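File shown: data_22.pdb (PDB, C-alpha atoms).
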ATOM      1  CA  MET E1344      86.802  83.634 128.870
ATOM      2  CA  SER E1345      89.662  85.618 130.370
ATOM      3  CA  SER E1346      93.285  86.587 129.798
ATOM      4  CA  ASP E1347      94.614  84.852 132.959
ATOM      5  CA  SER E1348      97.148  82.078 132.344
ATOM      6  CA  THR E1349      96.688  79.977 135.509
ATOM      7  CA  ASN E1350      96.618  76.192 134.915
ATOM      8  CA  ASN E1351      94.370  74.056 137.098
ATOM      9  CA  GLY E1352      95.197  70.566 135.751
ATOM     10  CA  THR E1353      93.589  68.599 132.929
ATOM     11  CA  ILE E1354      90.039  67.447 132.287
ATOM     12  CA  GLU E1355      88.175  65.458 129.650
ATOM     13  CA  ILE E1356      85.666  67.265 127.474
ATOM     14  CA  THR E1357      83.440  66.208 124.575
ATOM     15  CA  TYR E1358      83.312  67.882 121.192
ATOM     16  CA  LYS E1359      80.589  67.268 118.639
ATOM     17  CA  THR E1360      81.236  68.080 114.997
ATOM     18  CA  ILE E1361      78.251  69.395 113.060
ATOM     19  CA  GLY E1362      77.195  66.581 110.732
ATOM     20  CA  PRO E1363      76.888  62.816 110.982
ATOM     21  CA  ALA E1364      80.106  62.317 112.997
ATOM     22  CA  ARG E1365      79.854  60.870 116.509
ATOM     23  CA  PRO E1366      80.954  62.889 119.572
ATOM     24  CA  SER E1367      84.614  62.541 120.553
ATOM     25  CA  GLN E1368      86.485  63.059 123.801
ATOM     26  CA  ILE E1369      89.724  64.947 124.307
ATOM     27  CA  ARG E1370      91.791  65.671 127.416
ATOM     28  CA  VAL E1371      93.038  69.242 127.750
ATOM     29  CA  ALA E1372      94.028  71.704 130.450
ATOM     30  CA  SER E1373      91.102  73.046 132.430
ATOM     31  CA  HIS E1374      92.366  76.592 131.857
ATOM     32  CA  ILE E1375      93.655  76.862 128.321
ATOM     33  CA  LYS E1376      94.201  79.331 125.536
ATOM     34  CA  VAL E1377      91.387  79.229 122.993
ATOM     35  CA  ARG E1378      94.058  79.076 120.292
ATOM     36  CA  ASP E1379      95.645  75.993 121.898
ATOM     37  CA  LEU E1380      92.255  74.320 122.317
ATOM     38  CA  ARG E1381      91.479  74.933 118.654
ATOM     39  CA  ASN E1382      94.838  73.470 117.605
ATOM     40  CA  ALA E1383      94.367  70.403 119.816
ATOM     41  CA  ILE E1384      90.916  69.620 118.389
ATOM     42  CA  ALA E1385      92.097  70.282 114.834
ATOM     43  CA  GLU E1386      95.045  67.913 115.309
ATOM     44  CA  MET E1387      92.928  65.163 116.848
ATOM     45  CA  GLY E1388      90.126  65.400 114.286
ATOM     46  CA  LYS E1389      92.406  66.095 111.295
ATOM     47  CA  PHE E1390      90.589  69.369 110.670
ATOM     48  CA  PRO E1391      92.083  72.455 108.975
ATOM     49  CA  VAL E1392      92.675  74.743 111.935
ATOM     50  CA  SER E1393      91.987  77.914 109.931
ATOM     51  CA  ASN E1394      88.475  76.646 109.086
ATOM     52  CA  LEU E1395      87.603  75.469 112.595
ATOM     53  CA  ARG E1396      84.944  77.252 114.647
ATOM     54  CA  MET E1397      84.046  76.355 118.237
ATOM     55  CA  ILE E1398      80.972  77.090 120.353
ATOM     56  CA  LEU E1399      80.933  76.617 124.132
ATOM     57  CA  ARG E1400      77.796  77.169 126.228
ATOM     58  CA  GLY E1401      76.165  79.022 123.330
ATOM     59  CA  LYS E1402      79.082  81.399 122.766
ATOM     60  CA  ALA E1403      81.525  81.356 119.853
ATOM     61  CA  LEU E1404      85.133  81.187 121.047
ATOM     62  CA  GLN E1405      87.628  83.735 119.720
ATOM     63  CA  ASP E1406      91.397  83.314 119.825
ATOM     64  CA  GLU E1407      92.160  86.877 120.879
ATOM     65  CA  GLU E1408      90.661  90.216 121.774
ATOM     66  CA  ASP E1409      92.382  93.567 121.284
ATOM     67  CA  GLY E1410      95.634  91.742 120.563
ATOM     68  CA  ASP E1411      95.588  89.625 123.756
ATOM     69  CA  ASP E1412      95.224  85.836 123.744
ATOM     70  CA  LEU E1413      91.970  84.698 125.340
ATOM     71  CA  TYR E1414      91.714  81.814 127.800
ATOM     72  CA  VAL E1415      88.716  79.625 128.538
ATOM     73  CA  THR E1416      87.978  77.772 131.772
ATOM     74  CA  LEU E1417      86.553  74.305 131.085
ATOM     75  CA  LYS E1418      84.656  71.981 133.393
ATOM     76  CA  GLU E1419      84.626  68.178 133.472
ATOM     77  CA  GLN E1420      82.298  66.787 130.786
ATOM     78  CA  ASP E1421      81.901  70.157 129.092
ATOM     79  CA  SER E1422      80.624  69.826 125.537
ATOM     80  CA  LEU E1423      81.882  71.814 122.551
ATOM     81  CA  ILE E1424      80.159  72.231 119.225
ATOM     82  CA  VAL E1425      82.705  72.239 116.413
ATOM     83  CA  ALA E1426      82.012  73.450 112.879
ATOM     84  CA  VAL E1427      84.380  73.102 109.947
ATOM     85  CA  ILE E1428      83.814  75.723 107.272
ATOM     86  CA  PRO E1429      84.236  74.113 103.830
ATOM     87  CA  ASN E1430      86.654  75.611 101.333
ATOM     88  CA  PRO E1431      85.039  77.203  98.268
ATOM     89  CA  PRO E1432      85.078  75.019  95.136
ATOM     90  CA  ALA E1433      87.931  75.527  92.710
ATOM     91  CA  GLY E1434      87.241  78.282  90.206
ATOM     92  CA  ALA E1435      84.443  79.832  92.263
ATOM     93  CA  GLU E1436      84.444  83.599  92.695
ATOM     94  CA  THR E1437      85.285  84.600  96.267
ATOM     95  CA  PHE E1438      84.362  88.192  96.917
ATOM     96  CA  ASP E1439      85.271  87.896 100.596
ATOM     97  CA  ASP E1440      88.916  87.404  99.679
ATOM     98  CA  ASP E1441      88.835  90.628  97.681
ATOM     99  CA  ASP E1442      87.411  92.439 100.700
ATOM    100  CA  ASP E1443      90.106  90.957 102.940
ATOM    101  CA  ASP E1444      92.784  92.249 100.584
ATOM    102  CA  LEU E1445      91.472  95.771 101.144
ATOM    103  CA  LYS E1446      91.622  95.445 104.932
ATOM    104  CA  PHE E1447      94.722  96.614 106.774
ATOM    105  CA  LYS E1448      96.384  94.025 109.013
ATOM    106  CA  LEU E1449      99.364  94.420 111.293
ATOM    107  CA  PRO E1450     102.325  92.171 110.544
ATOM    108  CA  PRO E1451     102.853  89.313 113.034
ATOM    109  CA  SER E1452     106.121  90.934 114.146
ATOM    110  CA  ALA E1453     104.322  94.067 115.421
ATOM    111  CA  SER E1454     105.074  94.936 119.043
ATOM    112  CA  ARG E1455     102.515  94.453 121.807
ATOM    113  CA  TRP E1456     101.888  98.189 122.345
ATOM    114  CA  LYS E1457     101.372  98.715 118.613
ATOM    115  CA  ARG E1458      98.863  95.842 118.478
ATOM    116  CA  LYS E1459      96.969  97.252 121.494
ATOM    117  CA  PHE E1460      96.870 100.701 119.914
ATOM    118  CA  TYR E1461      95.742  99.246 116.586
ATOM    119  CA  TYR E1462      92.835  97.294 118.147
ATOM    120  CA  PHE E1463      91.821 100.357 120.158
ATOM    121  CA  LEU E1464      91.611 102.508 117.021
ATOM    122  CA  ARG E1465      89.849  99.804 114.998
ATOM    123  CA  ASN E1466      87.425  98.379 117.559
ATOM    124  CA  LYS E1467      86.778 101.330 119.880
ATOM    125  CA  LEU E1468      87.093 104.363 117.598
ATOM    126  CA  LYS E1469      85.950 102.473 114.453
ATOM    127  CA  LEU E1470      88.551 104.128 112.221
ATOM    128  CA  PRO E1471      88.411 102.984 108.566
ATOM    129  CA  ASP E1472      91.182 100.791 107.202
ATOM    130  CA  ILE E1473      92.529 103.499 104.879
ATOM    131  CA  ILE E1474      93.296 105.721 107.893
ATOM    132  CA  LEU E1475      94.806 102.832 109.852
ATOM    133  CA  MET E1476      97.011 102.040 106.874
ATOM    134  CA  GLY E1477      98.282 105.613 106.779
ATOM    135  CA  LEU E1478      98.884 105.746 110.538
ATOM    136  CA  PHE E1479     100.803 102.476 110.847
ATOM    137  CA  SER E1480     102.741 102.774 107.590
ATOM    138  CA  LEU E1481     104.751 105.738 108.924
ATOM    139  CA  SER E1482     107.976 105.119 110.795
ATOM    140  CA  LEU E1483     108.724 106.516 114.248
ATOM    141  CA  LYS E1484     111.156 109.007 112.683
ATOM    142  CA  MET E1485     108.433 110.325 110.379
ATOM    143  CA  TRP E1486     106.017 110.715 113.305
ATOM    144  CA  VAL E1487     108.659 112.763 115.161
ATOM    145  CA  ILE E1488     109.083 115.005 112.105
ATOM    146  CA  ILE E1489     105.307 115.478 111.740
ATOM    147  CA  THR E1490     104.932 116.292 115.453
ATOM    148  CA  LEU E1491     107.807 118.769 115.259
ATOM    149  CA  TRP E1492     106.212 120.416 112.210
ATOM    150  CA  PHE E1493     102.941 120.999 114.053
ATOM    151  CA  ILE E1494     104.839 122.435 117.029
ATOM    152  CA  LEU E1495     106.842 124.857 114.873
ATOM    153  CA  ALA E1496     103.943 125.925 112.616
ATOM    154  CA  PRO E1497     102.223 128.186 115.227
ATOM    155  CA  ILE E1498     105.600 129.703 116.131
ATOM    156  CA  ALA E1499     106.295 130.518 112.468
ATOM    157  CA  HIS E1500     102.821 132.053 112.154
ATOM    158  CA  GLN E1501     103.353 134.163 115.274
ATOM    159  CA  TRP E1502     106.598 135.576 113.862
ATOM    160  CA  ASP E1503     105.016 136.195 110.419
ATOM    161  CA  LEU E1504     107.194 133.489 108.873
ATOM    162  CA  GLY E1505     104.331 131.332 107.608
ATOM    163  CA  PRO E1506     105.145 131.565 103.856
ATOM    164  CA  ILE E1507     108.828 130.886 104.477
ATOM    165  CA  PHE E1508     107.906 127.946 106.721
ATOM    166  CA  ILE E1509     105.660 126.480 104.014
ATOM    167  CA  LEU E1510     108.327 126.944 101.315
ATOM    168  CA  GLY E1511     110.933 125.396 103.567
ATOM    169  CA  THR E1512     108.614 122.444 104.189
ATOM    170  CA  GLY E1513     108.161 121.941 100.437
ATOM    171  CA  PHE E1514     111.900 122.034  99.711
ATOM    172  CA  SER E1515     112.572 119.702 102.646
ATOM    173  CA  ILE E1516     110.065 117.152 101.313
ATOM    174  CA  ILE E1517     111.743 117.293  97.892
ATOM    175  CA  LEU E1518     115.242 116.883  99.328
ATOM    176  CA  LEU E1519     114.243 114.043 101.651
ATOM    177  CA  ASN E1520     112.696 112.113  98.756
ATOM    178  CA  LEU E1521     115.551 112.511  96.287
ATOM    179  CA  GLY E1522     117.111 109.257  97.422
ATOM    180  CA  LYS E1523     120.740 108.258  96.955
ATOM    181  CA  ARG E1524     122.339 107.521  93.617
ATOM    182  CA  GLN E1525     124.615 104.545  93.232
ATOM    183  CA  PRO E1526     128.101 105.030  91.742
ATOM    184  CA  GLY E1527     127.743 105.367  87.976
ATOM    185  CA  ASP E1528     124.074 106.382  88.030
ATOM    186  CA  VAL E1529     123.125 109.446  85.975
ATOM    187  CA  SER E1530     120.555 111.995  87.118
ATOM    188  CA  ALA E1531     117.696 113.009  84.841
ATOM    189  CA  TYR E1532     118.805 116.596  85.481
ATOM    190  CA  SER E1533     122.088 117.327  83.715
ATOM    191  CA  ILE E1534     123.021 120.034  86.235
ATOM    192  CA  PHE E1535     123.670 117.284  88.805
ATOM    193  CA  ASN E1536     125.892 115.217  86.472
ATOM    194  CA  GLU E1537     129.589 115.464  85.877
ATOM    195  CA  ASP E1538     130.351 117.772  82.895
ATOM    196  CA  PHE E1539     126.564 118.414  82.759
ATOM    197  CA  ARG E1540     126.134 115.161  80.869
ATOM    198  CA  GLU E1541     122.587 114.622  79.598
ATOM    199  CA  LEU E1542     120.609 111.417  79.306
ATOM    200  CA  PRO E1543     120.197 110.012  75.776
ATOM    201  CA  GLY E1544     117.014 111.369  74.163
ATOM    202  CA  THR E1545     116.823 114.476  76.336
ATOM    203  CA  TYR E1546     114.574 117.038  74.630
ATOM    204  CA  ASN E1547     116.387 120.372  75.021
ATOM    205  CA  ALA E1548     116.967 123.567  73.026
ATOM    206  CA  ASP E1549     119.654 121.940  70.853
ATOM    207  CA  ARG E1550     117.320 119.081  70.008
ATOM    208  CA  ILE E1551     114.520 121.496  69.079
ATOM    209  CA  ASP E1552     116.930 123.483  66.876
ATOM    210  CA  ARG E1553     118.043 120.317  65.041
ATOM    211  CA  ASP E1554     114.426 119.232  64.523
ATOM    212  CA  ILE E1555     113.519 122.624  63.080
ATOM    213  CA  ARG E1556     116.497 122.600  60.692
ATOM    214  CA  ALA E1557     115.629 119.063  59.608
ATOM    215  CA  GLY E1558     112.013 120.105  58.928
ATOM    216  CA  GLN E1559     110.602 117.758  61.544
ATOM    217  CA  ILE E1560     108.795 120.608  63.335
TER     218      ILE E1560
END

Translate the structure described by the file into structure tokens.
Amino acid sequence: MSSDSTNNGTIEITYKTIGPARPSQIRVASHIKVRDLRNAIAEMGKFPVSNLRMILRGKALQDEEDGDDLYVTLKEQDSLIVAVIPNPPAGAETFDDDDDDLKFKLPPSASRWKRKFYYFLRNKLKLPDIILMGLFSLSLKMWVIITLWFILAPIAHQWDLGPIFILGTGFSIILLNLGKRQPGDVSAYSIFNEDFRELPGTYNADRIDRDIRAGQI
């Protein structure tokens, strides 16, 4: 298999489905994406493409590697072994699905460089999914802010401004996460509201005084 996209014409190959079915022939390009070959066989045999597995010359064929589509070079009269994985019966417990839900996956719209970087971290460095989720959930703007923070931290330490730098970081995080109120919205903190208006049910000194006078405390 390779990632080259050169086309050398079409050939006829044989695929044999595991089970009692007879071998079938299909004509495809001699140099073809594994994904396209899988789709062609699934369409011809009426198989669910997501459950289709293919073996060529003793090797299982994969659609992609490190985010790149893989190609396979076929020869005339090549023979494929095709397996169709059955769906689990209705109502059966599927623990694999629960495991898949815990795995981080890039969205299909992810750029090519992001997919390459993701596969490098996952396959080469073997980073766990929780770390990958944290890395790829941050926006480019947030990464710039984090990088800038690490650049300024040693400078602040050198000028004996470490505590002020930490306090400033804390206040900045609070301010950046305050969000924006829509017209008519009331803040939970009366100091930010017009005429210092409080939310109904606010437990303040006046409320405590009334409760004491009413014998509720």

Residues picked by the PyMOL selection byres ((chain E and resi 1368) around 8) here, as a ChimeraX atom specification? /E:1355-1358,1366-1367,1369-1370

Which distance in Å separates CA of Phe1493 (chain E) and CA of Leu1510 (chain E), to one decimal?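 These two atoms are separated by 15.1 Å.
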
Just the number, please: distance in Å from CA of Ser1454 (chain E) to CA of Asn1466 (chain E), one decimal.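 Interatomic distance here is 18.0 Å.
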
Counting only C-alpha atoms, figure out which residue out of E:Glu1408, E:Ile1498, E:His1374, E:Leu1491 gets nearest to Phe1463 (chain E). E:Glu1408

Using all atoms listed in the file, which residue out of E:Tyr1462, E:Phe1390, E:Phe1508, E:Phe1514 lies closest to Asp1411 (chain E)?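 Among the listed residues, the smallest separation from Asp1411 (chain E) belongs to E:Tyr1462.
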
Ground truth for the PyMOL selection byres ((chain E and resi 1396-1400) around 6), written as number ranges by chain: E: 1395, 1401-1404, 1423-1426

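Of the listed residues E:Leu1468, E:Ile1361, E:Ile1354, E:Met1387, the one whose atoms come nearest to Ser1373 (chain E) is E:Ile1354, with distances taken using all atoms listed in the file.
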
If you measure from CA of Leu1478 (chain E) to CA of Leu1504 (chain E), what distance in Å do you get, rounded to one decimal? 29.0 Å

Show me as a count of residues only the residues that reach within 12 Å of (91.6, 81.3, 124.1), counting all atoms listed in the file and using the file's own coordinates. 32

Please determine an axis-aligned box that encloses all atoms of region 1383-1394 of chain E listed in the file, with 3 Å added on each side, and express its centre and edge lengths in Å to one decimal as JSON.
{"center_x": 91.8, "center_y": 71.5, "center_z": 114.4, "size_x": 12.6, "size_y": 18.8, "size_z": 16.8}

So, with all atoms listed in the file as the atoms that count, which of E:Thr1353, E:Thr1512, E:Asn1547, E:Thr1360 lies closest to Lys1389 (chain E)?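 Of E:Thr1353, E:Thr1512, E:Asn1547, E:Thr1360, the one nearest Lys1389 (chain E), counting all atoms listed in the file, is E:Thr1360.
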
Compare E:Ala1453, E:Leu1495, E:Leu1519, E:Ala1548 by their minimum atom-to-atom distance to Phe1479 (chain E), counting all atoms listed in the file, and give me the closest one.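 Using all atoms listed in the file, Phe1479 (chain E) sits closest to E:Ala1453.
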